[in-house]
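Let me begin by presenting the structure, written as structure tokens, before commenting on it.
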Amino acid sequence: MNLVVANWKMNPKSAEDARVLASRIERGLLEVDRRKVEAVICPPQVFLPAVRHSLHFAALGAQNVSAEENGAFTGEVSAGMLNNCGAKYCIVGHSERRRMGETDTMINSKIKLCFRNDIAPILCVGFGATKSSSVSAVKRIVKRQIGLDLEGIKTNEQNIVITYEPLWVIGTGEPATPAHAAEILDFVRELLPKARLLYGGSMDSRNARAFASERVIQGSLVGGASLDVKEFTQIIKAFAI
Ligand code: PGA
């Protein structure tokens with residue numbers, strides 16, 4: 001089944017706005033063949049309870065999790081707490097967090113804690129590559145990240161999602177080409193035969209179909225466009241194939 005994930009980032013402003021947005025996305029899902037595509041909504045942690053109660057079809061996800069299990073870690077939220085709030089997925093290793101200093105060692109610990117708490121990690125890879133990187137350089141970066149981030153994890157036995165996100169297209173309105181995304185994800189497929197593979201970066205209603213028509217691309221991690229119900233619904237529909 002394809003997977004379309006809303007990464008709301010640090011939006012919207014209030015729990016009420018989050019609840020309304022989630023309810024409107026749910027209404028949009030009535031028009032979608034839900035046997036073919038699953039939608040996931042990842043609000044800011046503080047809005048997880050409000051969004052949880054608005055969801056019927058979409059799954060709940062988190063945008064981050066602590067690399068520690070519990071204890072004296074001021075401001076952190078554990079995987080156990082996320083599970084308790086109803087989260088089924090969690091984005092891990094997003095470039096915006098890697099840029100804030102999240103290391104592959106931390107990411108590896110976060111992924112292990114997700115699995116221990118019945119949360120499917122959505123691991124983002126591609127950070128470090130630039131627009132001028134060659135395809136082989138991008139593949140080297142992605143392979144290294146997957147090796148470090150999934151060290152000690154039996155990927156064949158786990159529900160794991162990998163998202164290729166070229167840093168230079170995030171939030172720009174100019175996505176990578178579907179052919180480039182497919183080439184990198186074909187490579188990831190060789191490394192991880194069982195993972196679900198997504199593309200993320202400036203996807204919208206106009207370009208979603210072209211990505212969805214690449215067989216290896218099984219969905220998307222959507223930032224900006226996930227805050228616009230019409231846009232997001234069109235993207236989900238594009239992956240209902
Ligand atoms: P974007 O963000 O869709 O706004 O480019 C994607 C992401 O950062 O996950």
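Just so we're on the same page: first chain in the structure tokens is A, next is B, and so on; residues restart at 1 for each chain, and ligands are numbered from 1 in the order they show up.
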Write out as a ChimeraX atom specification which residues come within 8 Å of Ile119 in chain A when counting only C-alpha atoms, dropping same-chain ones fewer than 3 positions away.
/A:79,83,87-90,114-116
Residues within 8 Å of ligand 1, counting only C-alpha atoms and all ligand atoms, as a count of residues only:
24
Which neighbours of Leu48 in chain A fall inside 10 Å, counting only C-alpha atoms, when residues of the same chain fewer than 3 positions from it are skipped, and could you give them as an mmCIF file with N, CA, C and O atoms, in the first residue's frame?
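Below is the file that was written, part33.cif:
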```cif
data_model
loop_
_atom_site.group_PDB
_atom_site.id
_atom_site.type_symbol
_atom_site.label_atom_id
_atom_site.label_comp_id
_atom_site.auth_asym_id
_atom_site.auth_seq_id
_atom_site.Cartn_x
_atom_site.Cartn_y
_atom_site.Cartn_z
ATOM 1 N N ALA A 15 -4.063 24.330 18.850
ATOM 2 C CA ALA A 15 -4.633 22.983 18.846
ATOM 3 C C ALA A 15 -5.944 22.968 18.067
ATOM 4 O O ALA A 15 -6.249 22.010 17.346
ATOM 5 N N ALA A 18 -5.235 22.872 14.446
ATOM 6 C CA ALA A 18 -4.745 21.537 14.085
ATOM 7 C C ALA A 18 -5.910 20.558 13.957
ATOM 8 O O ALA A 18 -5.973 19.753 13.026
ATOM 9 N N ARG A 19 -6.842 20.681 14.897
ATOM 10 C CA ARG A 19 -8.009 19.795 14.883
ATOM 11 C C ARG A 19 -8.845 20.033 13.621
ATOM 12 O O ARG A 19 -9.266 19.097 12.946
ATOM 13 N N ILE A 41 -0.695 11.707 9.369
ATOM 14 C CA ILE A 41 -0.569 13.129 9.720
ATOM 15 C C ILE A 41 0.400 13.261 10.894
ATOM 16 O O ILE A 41 0.204 12.648 11.945
ATOM 17 N N CYS A 42 1.441 14.056 10.670
ATOM 18 C CA CYS A 42 2.454 14.293 11.714
ATOM 19 C C CYS A 42 2.380 15.750 12.161
ATOM 20 O O CYS A 42 3.014 16.630 11.578
ATOM 21 N N PRO A 43 1.603 16.022 13.199
ATOM 22 C CA PRO A 43 1.510 17.390 13.736
ATOM 23 C C PRO A 43 2.665 17.632 14.713
ATOM 24 O O PRO A 43 3.382 16.690 15.071
ATOM 25 N N PRO A 44 2.846 18.845 15.187
ATOM 26 C CA PRO A 44 3.781 19.074 16.289
ATOM 27 C C PRO A 44 3.355 18.219 17.485
ATOM 28 O O PRO A 44 2.159 17.972 17.686
ATOM 29 N N GLN A 45 4.344 17.798 18.289
ATOM 30 C CA GLN A 45 4.044 16.864 19.404
ATOM 31 C C GLN A 45 2.887 17.356 20.278
ATOM 32 O O GLN A 45 2.046 16.586 20.704
ATOM 33 N N VAL A 51 -5.188 16.140 17.460
ATOM 34 C CA VAL A 51 -5.312 15.559 16.115
ATOM 35 C C VAL A 51 -5.796 14.111 16.215
ATOM 36 O O VAL A 51 -6.638 13.663 15.430
ATOM 37 N N ARG A 52 -5.281 13.390 17.198
ATOM 38 C CA ARG A 52 -5.678 11.983 17.360
ATOM 39 C C ARG A 52 -7.194 11.835 17.374
ATOM 40 O O ARG A 52 -7.759 10.930 16.754
ATOM 41 N N HIS A 53 -7.860 12.722 18.083
ATOM 42 C CA HIS A 53 -9.308 12.584 18.237
ATOM 43 C C HIS A 53 -10.078 13.021 16.997
ATOM 44 O O HIS A 53 -11.282 12.818 16.925
ATOM 45 N N LEU A 60 -1.806 8.487 12.837
ATOM 46 C CA LEU A 60 -1.118 9.586 13.506
ATOM 47 C C LEU A 60 0.387 9.319 13.513
ATOM 48 O O LEU A 60 0.825 8.192 13.735
ATOM 49 N N GLY A 61 1.158 10.373 13.271
ATOM 50 C CA GLY A 61 2.613 10.233 13.328
ATOM 51 C C GLY A 61 3.221 11.401 14.084
ATOM 52 O O GLY A 61 2.577 12.433 14.278
ATOM 53 N N ALA A 62 4.472 11.213 14.504
ATOM 54 C CA ALA A 62 5.199 12.290 15.190
ATOM 55 C C ALA A 62 6.326 12.766 14.278
ATOM 56 O O ALA A 62 6.705 12.080 13.331
ATOM 57 N N LEU A 82 4.980 8.704 22.843
ATOM 58 C CA LEU A 82 4.342 8.870 21.524
ATOM 59 C C LEU A 82 3.366 7.726 21.264
ATOM 60 O O LEU A 82 2.247 7.938 20.787
ATOM 61 N N CYS A 85 0.287 8.297 23.019
ATOM 62 C CA CYS A 85 -0.553 9.337 22.386
ATOM 63 C C CYS A 85 -1.181 8.836 21.092
ATOM 64 O O CYS A 85 -1.855 9.600 20.405
ATOM 65 N N GLY A 86 -0.907 7.595 20.711
ATOM 66 C CA GLY A 86 -1.542 7.038 19.518
ATOM 67 C C GLY A 86 -0.706 7.123 18.248
ATOM 68 O O GLY A 86 -1.206 6.829 17.161
ATOM 69 N N ALA A 87 0.569 7.517 18.365
ATOM 70 C CA ALA A 87 1.395 7.625 17.157
ATOM 71 C C ALA A 87 1.755 6.239 16.618
ATOM 72 O O ALA A 87 2.194 5.365 17.372
#
```
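Within the 8 Å cut-off around range 24-32 of chain A, using only C-alpha atoms and omitting residues fewer than 5 positions from it on the same chain, the listed residues are A:Ser54, A:Leu55, A:His56, A:Phe57, A:Ala58, A:Val229, A:Lys230, A:Phe232, A:Thr233, A:Ile236, A:Lys237, A:Ala240.
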Could you write those residues out with N, CA and C atoms, as an mmCIF file, in the first residue's frame?
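Saved the output as again28.cif:
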```
data_model
loop_
_atom_site.group_PDB
_atom_site.id
_atom_site.type_symbol
_atom_site.label_atom_id
_atom_site.label_comp_id
_atom_site.auth_asym_id
_atom_site.auth_seq_id
_atom_site.Cartn_x
_atom_site.Cartn_y
_atom_site.Cartn_z
ATOM 1 N N SER A 54 -9.386 13.589 16.006
ATOM 2 C CA SER A 54 -10.060 13.976 14.756
ATOM 3 C C SER A 54 -9.868 12.925 13.667
ATOM 4 N N LEU A 55 -9.054 11.906 13.932
ATOM 5 C CA LEU A 55 -8.703 10.959 12.861
ATOM 6 C C LEU A 55 -9.559 9.698 12.875
ATOM 7 N N HIS A 56 -9.987 9.289 11.683
ATOM 8 C CA HIS A 56 -10.696 8.011 11.525
ATOM 9 C C HIS A 56 -9.937 7.133 10.551
ATOM 10 N N PHE A 57 -9.542 7.725 9.428
ATOM 11 C CA PHE A 57 -8.880 6.956 8.366
ATOM 12 C C PHE A 57 -7.377 7.146 8.393
ATOM 13 N N ALA A 58 -6.943 8.362 8.618
ATOM 14 C CA ALA A 58 -5.504 8.631 8.608
ATOM 15 C C ALA A 58 -4.868 8.124 9.892
ATOM 16 N N VAL A 229 -5.510 21.684 2.340
ATOM 17 C CA VAL A 229 -6.301 20.443 2.252
ATOM 18 C C VAL A 229 -6.498 19.992 0.806
ATOM 19 N N LYS A 230 -6.805 20.943 -0.088
ATOM 20 C CA LYS A 230 -7.042 20.554 -1.497
ATOM 21 C C LYS A 230 -5.781 19.961 -2.110
ATOM 22 N N PHE A 232 -3.198 18.628 -0.567
ATOM 23 C CA PHE A 232 -2.825 17.359 0.061
ATOM 24 C C PHE A 232 -3.733 16.226 -0.419
ATOM 25 N N THR A 233 -5.021 16.515 -0.544
ATOM 26 C CA THR A 233 -5.960 15.489 -1.013
ATOM 27 C C THR A 233 -5.603 15.047 -2.437
ATOM 28 N N ILE A 236 -2.681 12.688 -2.276
ATOM 29 C CA ILE A 236 -3.099 11.341 -1.818
ATOM 30 C C ILE A 236 -3.786 10.605 -2.969
ATOM 31 N N LYS A 237 -4.639 11.327 -3.678
ATOM 32 C CA LYS A 237 -5.350 10.688 -4.802
ATOM 33 C C LYS A 237 -4.361 10.204 -5.870
ATOM 34 N N ALA A 240 -3.189 6.858 -5.034
ATOM 35 C CA ALA A 240 -4.189 5.798 -4.858
ATOM 36 C C ALA A 240 -4.237 4.938 -6.121
#
```
Step one, run DSSP on the backbone; step two, keep only residues of range 6-211 of chain A assigned to alpha helix (DSSP H); then write them as a PDB file with N, CA and C atoms, in the first residue's frame.
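Ended up saving to part-v2.pdb:
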```pdb
ATOM      1  N   ALA A  15      -4.063  24.330  18.850  1.00  0.00           N
ATOM      2  CA  ALA A  15      -4.633  22.983  18.846  1.00  0.00           C
ATOM      3  C   ALA A  15      -5.944  22.968  18.067  1.00  0.00           C
ATOM      4  N   GLU A  16      -6.717  24.046  18.179  1.00  0.00           N
ATOM      5  CA  GLU A  16      -7.988  24.118  17.474  1.00  0.00           C
ATOM      6  C   GLU A  16      -7.745  24.129  15.960  1.00  0.00           C
ATOM      7  N   ASP A  17      -6.779  24.927  15.504  1.00  0.00           N
ATOM      8  CA  ASP A  17      -6.452  24.946  14.078  1.00  0.00           C
ATOM      9  C   ASP A  17      -5.995  23.554  13.613  1.00  0.00           C
ATOM     10  N   ALA A  18      -5.235  22.872  14.446  1.00  0.00           N
ATOM     11  CA  ALA A  18      -4.745  21.537  14.085  1.00  0.00           C
ATOM     12  C   ALA A  18      -5.910  20.558  13.957  1.00  0.00           C
ATOM     13  N   ARG A  19      -6.842  20.681  14.897  1.00  0.00           N
ATOM     14  CA  ARG A  19      -8.009  19.795  14.883  1.00  0.00           C
ATOM     15  C   ARG A  19      -8.845  20.033  13.621  1.00  0.00           C
ATOM     16  N   VAL A  20      -9.039  21.301  13.281  1.00  0.00           N
ATOM     17  CA  VAL A  20      -9.851  21.642  12.095  1.00  0.00           C
ATOM     18  C   VAL A  20      -9.158  21.140  10.819  1.00  0.00           C
ATOM     19  N   LEU A  21      -7.852  21.363  10.732  1.00  0.00           N
ATOM     20  CA  LEU A  21      -7.103  20.919   9.549  1.00  0.00           C
ATOM     21  C   LEU A  21      -7.184  19.398   9.393  1.00  0.00           C
ATOM     22  N   ALA A  22      -7.001  18.683  10.514  1.00  0.00           N
ATOM     23  CA  ALA A  22      -7.072  17.217  10.461  1.00  0.00           C
ATOM     24  C   ALA A  22      -8.464  16.762  10.045  1.00  0.00           C
ATOM     25  N   SER A  23      -9.491  17.409  10.554  1.00  0.00           N
ATOM     26  CA  SER A  23     -10.870  17.011  10.202  1.00  0.00           C
ATOM     27  C   SER A  23     -11.132  17.244   8.722  1.00  0.00           C
ATOM     28  N   ARG A  24     -10.602  18.330   8.194  1.00  0.00           N
ATOM     29  CA  ARG A  24     -10.817  18.608   6.765  1.00  0.00           C
ATOM     30  C   ARG A  24     -10.055  17.604   5.897  1.00  0.00           C
ATOM     31  N   ILE A  25      -8.867  17.212   6.337  1.00  0.00           N
ATOM     32  CA  ILE A  25      -8.134  16.173   5.586  1.00  0.00           C
ATOM     33  C   ILE A  25      -8.921  14.863   5.627  1.00  0.00           C
ATOM     34  N   GLU A  26      -9.483  14.549   6.787  1.00  0.00           N
ATOM     35  CA  GLU A  26     -10.308  13.337   6.902  1.00  0.00           C
ATOM     36  C   GLU A  26     -11.473  13.366   5.911  1.00  0.00           C
ATOM     37  N   ARG A  27     -12.101  14.526   5.773  1.00  0.00           N
ATOM     38  CA  ARG A  27     -13.226  14.633   4.835  1.00  0.00           C
ATOM     39  C   ARG A  27     -12.741  14.375   3.403  1.00  0.00           C
ATOM     40  N   GLY A  28     -11.552  14.900   3.098  1.00  0.00           N
ATOM     41  CA  GLY A  28     -10.964  14.656   1.776  1.00  0.00           C
ATOM     42  C   GLY A  28     -10.715  13.174   1.539  1.00  0.00           C
ATOM     43  N   LEU A  29     -10.388  12.445   2.606  1.00  0.00           N
ATOM     44  CA  LEU A  29     -10.090  11.014   2.458  1.00  0.00           C
ATOM     45  C   LEU A  29     -11.319  10.191   2.084  1.00  0.00           C
ATOM     46  N   LEU A  48      -0.581  16.390  19.223  1.00  0.00           N
ATOM     47  CA  LEU A  48      -0.912  14.982  18.959  1.00  0.00           C
ATOM     48  C   LEU A  48      -2.272  14.590  19.541  1.00  0.00           C
ATOM     49  N   PRO A  49      -2.568  14.932  20.811  1.00  0.00           N
ATOM     50  CA  PRO A  49      -3.869  14.516  21.348  1.00  0.00           C
ATOM     51  C   PRO A  49      -5.051  15.136  20.594  1.00  0.00           C
ATOM     52  N   ALA A  50      -4.949  16.428  20.235  1.00  0.00           N
ATOM     53  CA  ALA A  50      -6.059  17.087  19.521  1.00  0.00           C
ATOM     54  C   ALA A  50      -6.281  16.427  18.163  1.00  0.00           C
ATOM     55  N   VAL A  51      -5.188  16.140  17.460  1.00  0.00           N
ATOM     56  CA  VAL A  51      -5.312  15.559  16.115  1.00  0.00           C
ATOM     57  C   VAL A  51      -5.796  14.111  16.215  1.00  0.00           C
ATOM     58  N   ARG A  52      -5.281  13.390  17.198  1.00  0.00           N
ATOM     59  CA  ARG A  52      -5.678  11.983  17.360  1.00  0.00           C
ATOM     60  C   ARG A  52      -7.194  11.835  17.374  1.00  0.00           C
ATOM     61  N   ALA A  79       9.657   7.608  22.938  1.00  0.00           N
ATOM     62  CA  ALA A  79       8.871   6.782  22.016  1.00  0.00           C
ATOM     63  C   ALA A  79       7.673   6.169  22.738  1.00  0.00           C
ATOM     64  N   GLY A  80       7.866   5.803  24.008  1.00  0.00           N
ATOM     65  CA  GLY A  80       6.759   5.250  24.789  1.00  0.00           C
ATOM     66  C   GLY A  80       5.618   6.253  24.940  1.00  0.00           C
ATOM     67  N   MET A  81       5.979   7.524  25.159  1.00  0.00           N
ATOM     68  CA  MET A  81       4.949   8.572  25.271  1.00  0.00           C
ATOM     69  C   MET A  81       4.221   8.753  23.935  1.00  0.00           C
ATOM     70  N   LEU A  82       4.980   8.704  22.843  1.00  0.00           N
ATOM     71  CA  LEU A  82       4.342   8.870  21.524  1.00  0.00           C
ATOM     72  C   LEU A  82       3.366   7.726  21.264  1.00  0.00           C
ATOM     73  N   ASN A  83       3.795   6.528  21.608  1.00  0.00           N
ATOM     74  CA  ASN A  83       2.913   5.372  21.444  1.00  0.00           C
ATOM     75  C   ASN A  83       1.642   5.574  22.269  1.00  0.00           C
ATOM     76  N   ASN A  84       1.831   6.065  23.472  1.00  0.00           N
ATOM     77  CA  ASN A  84       0.702   6.327  24.366  1.00  0.00           C
ATOM     78  C   ASN A  84      -0.247   7.376  23.814  1.00  0.00           C
ATOM     79  N   SER A  95      16.184  16.309   7.458  1.00  0.00           N
ATOM     80  CA  SER A  95      17.352  17.188   7.249  1.00  0.00           C
ATOM     81  C   SER A  95      17.300  18.417   8.157  1.00  0.00           C
ATOM     82  N   GLU A  96      16.075  18.883   8.452  1.00  0.00           N
ATOM     83  CA  GLU A  96      15.984  20.059   9.330  1.00  0.00           C
ATOM     84  C   GLU A  96      16.463  19.733  10.744  1.00  0.00           C
ATOM     85  N   ARG A  97      16.378  18.484  11.137  1.00  0.00           N
ATOM     86  CA  ARG A  97      16.894  18.079  12.450  1.00  0.00           C
ATOM     87  C   ARG A  97      18.372  17.716  12.367  1.00  0.00           C
ATOM     88  N   ARG A  98      18.780  17.084  11.268  1.00  0.00           N
ATOM     89  CA  ARG A  98      20.212  16.787  11.119  1.00  0.00           C
ATOM     90  C   ARG A  98      20.991  18.100  11.143  1.00  0.00           C
ATOM     91  N   ASP A 104      23.944  10.442  13.214  1.00  0.00           N
ATOM     92  CA  ASP A 104      23.499   9.099  12.834  1.00  0.00           C
ATOM     93  C   ASP A 104      23.408   8.185  14.059  1.00  0.00           C
ATOM     94  N   THR A 105      24.261   8.399  15.053  1.00  0.00           N
ATOM     95  CA  THR A 105      24.198   7.588  16.282  1.00  0.00           C
ATOM     96  C   THR A 105      22.870   7.839  17.005  1.00  0.00           C
ATOM     97  N   MET A 106      22.480   9.121  17.077  1.00  0.00           N
ATOM     98  CA  MET A 106      21.204   9.445  17.718  1.00  0.00           C
ATOM     99  C   MET A 106      20.041   8.854  16.911  1.00  0.00           C
ATOM    100  N   ILE A 107      20.148   8.973  15.610  1.00  0.00           N
ATOM    101  CA  ILE A 107      19.072   8.469  14.733  1.00  0.00           C
ATOM    102  C   ILE A 107      18.915   6.961  14.913  1.00  0.00           C
ATOM    103  N   ASN A 108      20.054   6.254  14.997  1.00  0.00           N
ATOM    104  CA  ASN A 108      20.020   4.803  15.195  1.00  0.00           C
ATOM    105  C   ASN A 108      19.295   4.459  16.504  1.00  0.00           C
ATOM    106  N   SER A 109      19.591   5.219  17.551  1.00  0.00           N
ATOM    107  CA  SER A 109      18.944   4.967  18.844  1.00  0.00           C
ATOM    108  C   SER A 109      17.444   5.273  18.760  1.00  0.00           C
ATOM    109  N   LYS A 110      17.087   6.363  18.082  1.00  0.00           N
ATOM    110  CA  LYS A 110      15.676   6.735  17.928  1.00  0.00           C
ATOM    111  C   LYS A 110      14.908   5.631  17.199  1.00  0.00           C
ATOM    112  N   ILE A 111      15.532   5.091  16.139  1.00  0.00           N
ATOM    113  CA  ILE A 111      14.844   4.055  15.353  1.00  0.00           C
ATOM    114  C   ILE A 111      14.630   2.802  16.200  1.00  0.00           C
ATOM    115  N   LYS A 112      15.641   2.438  16.968  1.00  0.00           N
ATOM    116  CA  LYS A 112      15.487   1.249  17.829  1.00  0.00           C
ATOM    117  C   LYS A 112      14.362   1.459  18.850  1.00  0.00           C
ATOM    118  N   LEU A 113      14.308   2.653  19.424  1.00  0.00           N
ATOM    119  CA  LEU A 113      13.255   2.939  20.415  1.00  0.00           C
ATOM    120  C   LEU A 113      11.874   2.954  19.757  1.00  0.00           C
ATOM    121  N   CYS A 114      11.798   3.459  18.530  1.00  0.00           N
ATOM    122  CA  CYS A 114      10.516   3.412  17.805  1.00  0.00           C
ATOM    123  C   CYS A 114      10.046   1.971  17.679  1.00  0.00           C
ATOM    124  N   PHE A 115      10.935   1.100  17.192  1.00  0.00           N
ATOM    125  CA  PHE A 115      10.532  -0.302  17.005  1.00  0.00           C
ATOM    126  C   PHE A 115      10.105  -0.938  18.320  1.00  0.00           C
ATOM    127  N   ARG A 116      10.825  -0.617  19.394  1.00  0.00           N
ATOM    128  CA  ARG A 116      10.491  -1.221  20.689  1.00  0.00           C
ATOM    129  C   ARG A 116       9.122  -0.752  21.185  1.00  0.00           C
ATOM    130  N   VAL A 135      25.135  11.577  -9.249  1.00  0.00           N
ATOM    131  CA  VAL A 135      24.242  10.512  -8.774  1.00  0.00           C
ATOM    132  C   VAL A 135      25.029   9.516  -7.928  1.00  0.00           C
ATOM    133  N   SER A 136      26.256   9.202  -8.349  1.00  0.00           N
ATOM    134  CA  SER A 136      27.016   8.221  -7.569  1.00  0.00           C
ATOM    135  C   SER A 136      27.379   8.787  -6.196  1.00  0.00           C
ATOM    136  N   ALA A 137      27.617  10.099  -6.120  1.00  0.00           N
ATOM    137  CA  ALA A 137      27.904  10.703  -4.804  1.00  0.00           C
ATOM    138  C   ALA A 137      26.656  10.653  -3.918  1.00  0.00           C
ATOM    139  N   VAL A 138      25.495  10.934  -4.488  1.00  0.00           N
ATOM    140  CA  VAL A 138      24.244  10.857  -3.709  1.00  0.00           C
ATOM    141  C   VAL A 138      24.050   9.426  -3.192  1.00  0.00           C
ATOM    142  N   LYS A 139      24.297   8.461  -4.061  1.00  0.00           N
ATOM    143  CA  LYS A 139      24.126   7.056  -3.648  1.00  0.00           C
ATOM    144  C   LYS A 139      25.075   6.706  -2.505  1.00  0.00           C
ATOM    145  N   ARG A 140      26.297   7.205  -2.583  1.00  0.00           N
ATOM    146  CA  ARG A 140      27.274   6.931  -1.504  1.00  0.00           C
ATOM    147  C   ARG A 140      26.776   7.492  -0.167  1.00  0.00           C
ATOM    148  N   ILE A 141      26.246   8.727  -0.223  1.00  0.00           N
ATOM    149  CA  ILE A 141      25.743   9.374   0.997  1.00  0.00           C
ATOM    150  C   ILE A 141      24.559   8.589   1.569  1.00  0.00           C
ATOM    151  N   VAL A 142      23.641   8.230   0.686  1.00  0.00           N
ATOM    152  CA  VAL A 142      22.434   7.508   1.114  1.00  0.00           C
ATOM    153  C   VAL A 142      22.811   6.144   1.703  1.00  0.00           C
ATOM    154  N   LYS A 143      23.749   5.466   1.060  1.00  0.00           N
ATOM    155  CA  LYS A 143      24.164   4.134   1.535  1.00  0.00           C
ATOM    156  C   LYS A 143      24.809   4.238   2.915  1.00  0.00           C
ATOM    157  N   ARG A 144      25.649   5.246   3.082  1.00  0.00           N
ATOM    158  CA  ARG A 144      26.332   5.443   4.370  1.00  0.00           C
ATOM    159  C   ARG A 144      25.299   5.724   5.474  1.00  0.00           C
ATOM    160  N   GLN A 145      24.338   6.609   5.161  1.00  0.00           N
ATOM    161  CA  GLN A 145      23.326   6.941   6.173  1.00  0.00           C
ATOM    162  C   GLN A 145      22.494   5.715   6.526  1.00  0.00           C
ATOM    163  N   ILE A 146      22.090   4.973   5.537  1.00  0.00           N
ATOM    164  CA  ILE A 146      21.276   3.779   5.821  1.00  0.00           C
ATOM    165  C   ILE A 146      22.074   2.789   6.667  1.00  0.00           C
ATOM    166  N   GLY A 147      23.342   2.612   6.342  1.00  0.00           N
ATOM    167  CA  GLY A 147      24.202   1.689   7.097  1.00  0.00           C
ATOM    168  C   GLY A 147      24.296   2.107   8.562  1.00  0.00           C
ATOM    169  N   LEU A 148      24.556   3.379   8.797  1.00  0.00           N
ATOM    170  CA  LEU A 148      24.733   3.860  10.182  1.00  0.00           C
ATOM    171  C   LEU A 148      23.397   3.929  10.928  1.00  0.00           C
ATOM    172  N   ASP A 149      22.374   4.448  10.253  1.00  0.00           N
ATOM    173  CA  ASP A 149      21.092   4.682  10.930  1.00  0.00           C
ATOM    174  C   ASP A 149      20.376   3.369  11.276  1.00  0.00           C
ATOM    175  N   PRO A 178      11.231  13.220 -11.205  1.00  0.00           N
ATOM    176  CA  PRO A 178      10.819  11.875 -10.806  1.00  0.00           C
ATOM    177  C   PRO A 178      11.867  10.834 -11.195  1.00  0.00           C
ATOM    178  N   ALA A 179      12.542  11.046 -12.330  1.00  0.00           N
ATOM    179  CA  ALA A 179      13.552  10.079 -12.770  1.00  0.00           C
ATOM    180  C   ALA A 179      14.721  10.039 -11.785  1.00  0.00           C
ATOM    181  N   HIS A 180      15.133  11.195 -11.293  1.00  0.00           N
ATOM    182  CA  HIS A 180      16.236  11.222 -10.315  1.00  0.00           C
ATOM    183  C   HIS A 180      15.806  10.517  -9.022  1.00  0.00           C
ATOM    184  N   ALA A 181      14.618  10.869  -8.533  1.00  0.00           N
ATOM    185  CA  ALA A 181      14.126  10.236  -7.297  1.00  0.00           C
ATOM    186  C   ALA A 181      14.047   8.721  -7.482  1.00  0.00           C
ATOM    187  N   ALA A 182      13.572   8.290  -8.646  1.00  0.00           N
ATOM    188  CA  ALA A 182      13.414   6.850  -8.894  1.00  0.00           C
ATOM    189  C   ALA A 182      14.782   6.167  -8.973  1.00  0.00           C
ATOM    190  N   GLU A 183      15.747   6.841  -9.545  1.00  0.00           N
ATOM    191  CA  GLU A 183      17.075   6.236  -9.659  1.00  0.00           C
ATOM    192  C   GLU A 183      17.683   5.994  -8.267  1.00  0.00           C
ATOM    193  N   ILE A 184      17.531   6.984  -7.390  1.00  0.00           N
ATOM    194  CA  ILE A 184      18.078   6.829  -6.040  1.00  0.00           C
ATOM    195  C   ILE A 184      17.282   5.762  -5.271  1.00  0.00           C
ATOM    196  N   LEU A 185      15.965   5.790  -5.423  1.00  0.00           N
ATOM    197  CA  LEU A 185      15.153   4.814  -4.675  1.00  0.00           C
ATOM    198  C   LEU A 185      15.317   3.393  -5.218  1.00  0.00           C
ATOM    199  N   ASP A 186      15.589   3.253  -6.515  1.00  0.00           N
ATOM    200  CA  ASP A 186      15.911   1.915  -7.052  1.00  0.00           C
ATOM    201  C   ASP A 186      17.153   1.371  -6.344  1.00  0.00           C
ATOM    202  N   PHE A 187      18.095   2.258  -6.106  1.00  0.00           N
ATOM    203  CA  PHE A 187      19.327   1.878  -5.408  1.00  0.00           C
ATOM    204  C   PHE A 187      19.008   1.478  -3.957  1.00  0.00           C
ATOM    205  N   VAL A 188      18.133   2.268  -3.305  1.00  0.00           N
ATOM    206  CA  VAL A 188      17.742   1.943  -1.919  1.00  0.00           C
ATOM    207  C   VAL A 188      17.020   0.586  -1.887  1.00  0.00           C
ATOM    208  N   ARG A 189      16.233   0.347  -2.900  1.00  0.00           N
ATOM    209  CA  ARG A 189      15.488  -0.930  -2.971  1.00  0.00           C
ATOM    210  C   ARG A 189      16.445  -2.131  -2.943  1.00  0.00           C
ATOM    211  N   GLU A 190      17.593  -1.985  -3.592  1.00  0.00           N
ATOM    212  CA  GLU A 190      18.577  -3.086  -3.581  1.00  0.00           C
ATOM    213  C   GLU A 190      19.115  -3.311  -2.164  1.00  0.00           C
ATOM    214  N   LEU A 191      19.254  -2.207  -1.413  1.00  0.00           N
ATOM    215  CA  LEU A 191      19.790  -2.323  -0.055  1.00  0.00           C
ATOM    216  C   LEU A 191      18.739  -2.836   0.921  1.00  0.00           C
ATOM    217  N   ALA A 208       2.552  15.524  -8.451  1.00  0.00           N
ATOM    218  CA  ALA A 208       2.430  14.249  -7.728  1.00  0.00           C
ATOM    219  C   ALA A 208       2.261  13.044  -8.661  1.00  0.00           C
ATOM    220  N   ARG A 209       1.461  13.226  -9.727  1.00  0.00           N
ATOM    221  CA  ARG A 209       1.194  12.095 -10.615  1.00  0.00           C
ATOM    222  C   ARG A 209       2.457  11.554 -11.284  1.00  0.00           C
ATOM    223  N   ALA A 210       3.321  12.491 -11.646  1.00  0.00           N
ATOM    224  CA  ALA A 210       4.563  12.076 -12.324  1.00  0.00           C
ATOM    225  C   ALA A 210       5.427  11.228 -11.375  1.00  0.00           C
ATOM    226  N   PHE A 211       5.448  11.593 -10.088  1.00  0.00           N
ATOM    227  CA  PHE A 211       6.200  10.782  -9.123  1.00  0.00           C
ATOM    228  C   PHE A 211       5.502   9.437  -8.910  1.00  0.00           C
TER     229      PHE A 211
END
```
Would you work out the distance separating CA of Asp33 in chain A from CA of Gln158 in chain A, expressed in Å to one decimal?
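So the two atoms, CA of Asp33 in chain A and CA of Gln158 in chain A, lie 25.7 Å apart.
Between Asn156 in chain A and the candidates A:Arg35, A:Arg206, A:Thr177, A:Leu192, the tightest atom-to-atom separation, counting only C-alpha atoms, involves A:Leu192.
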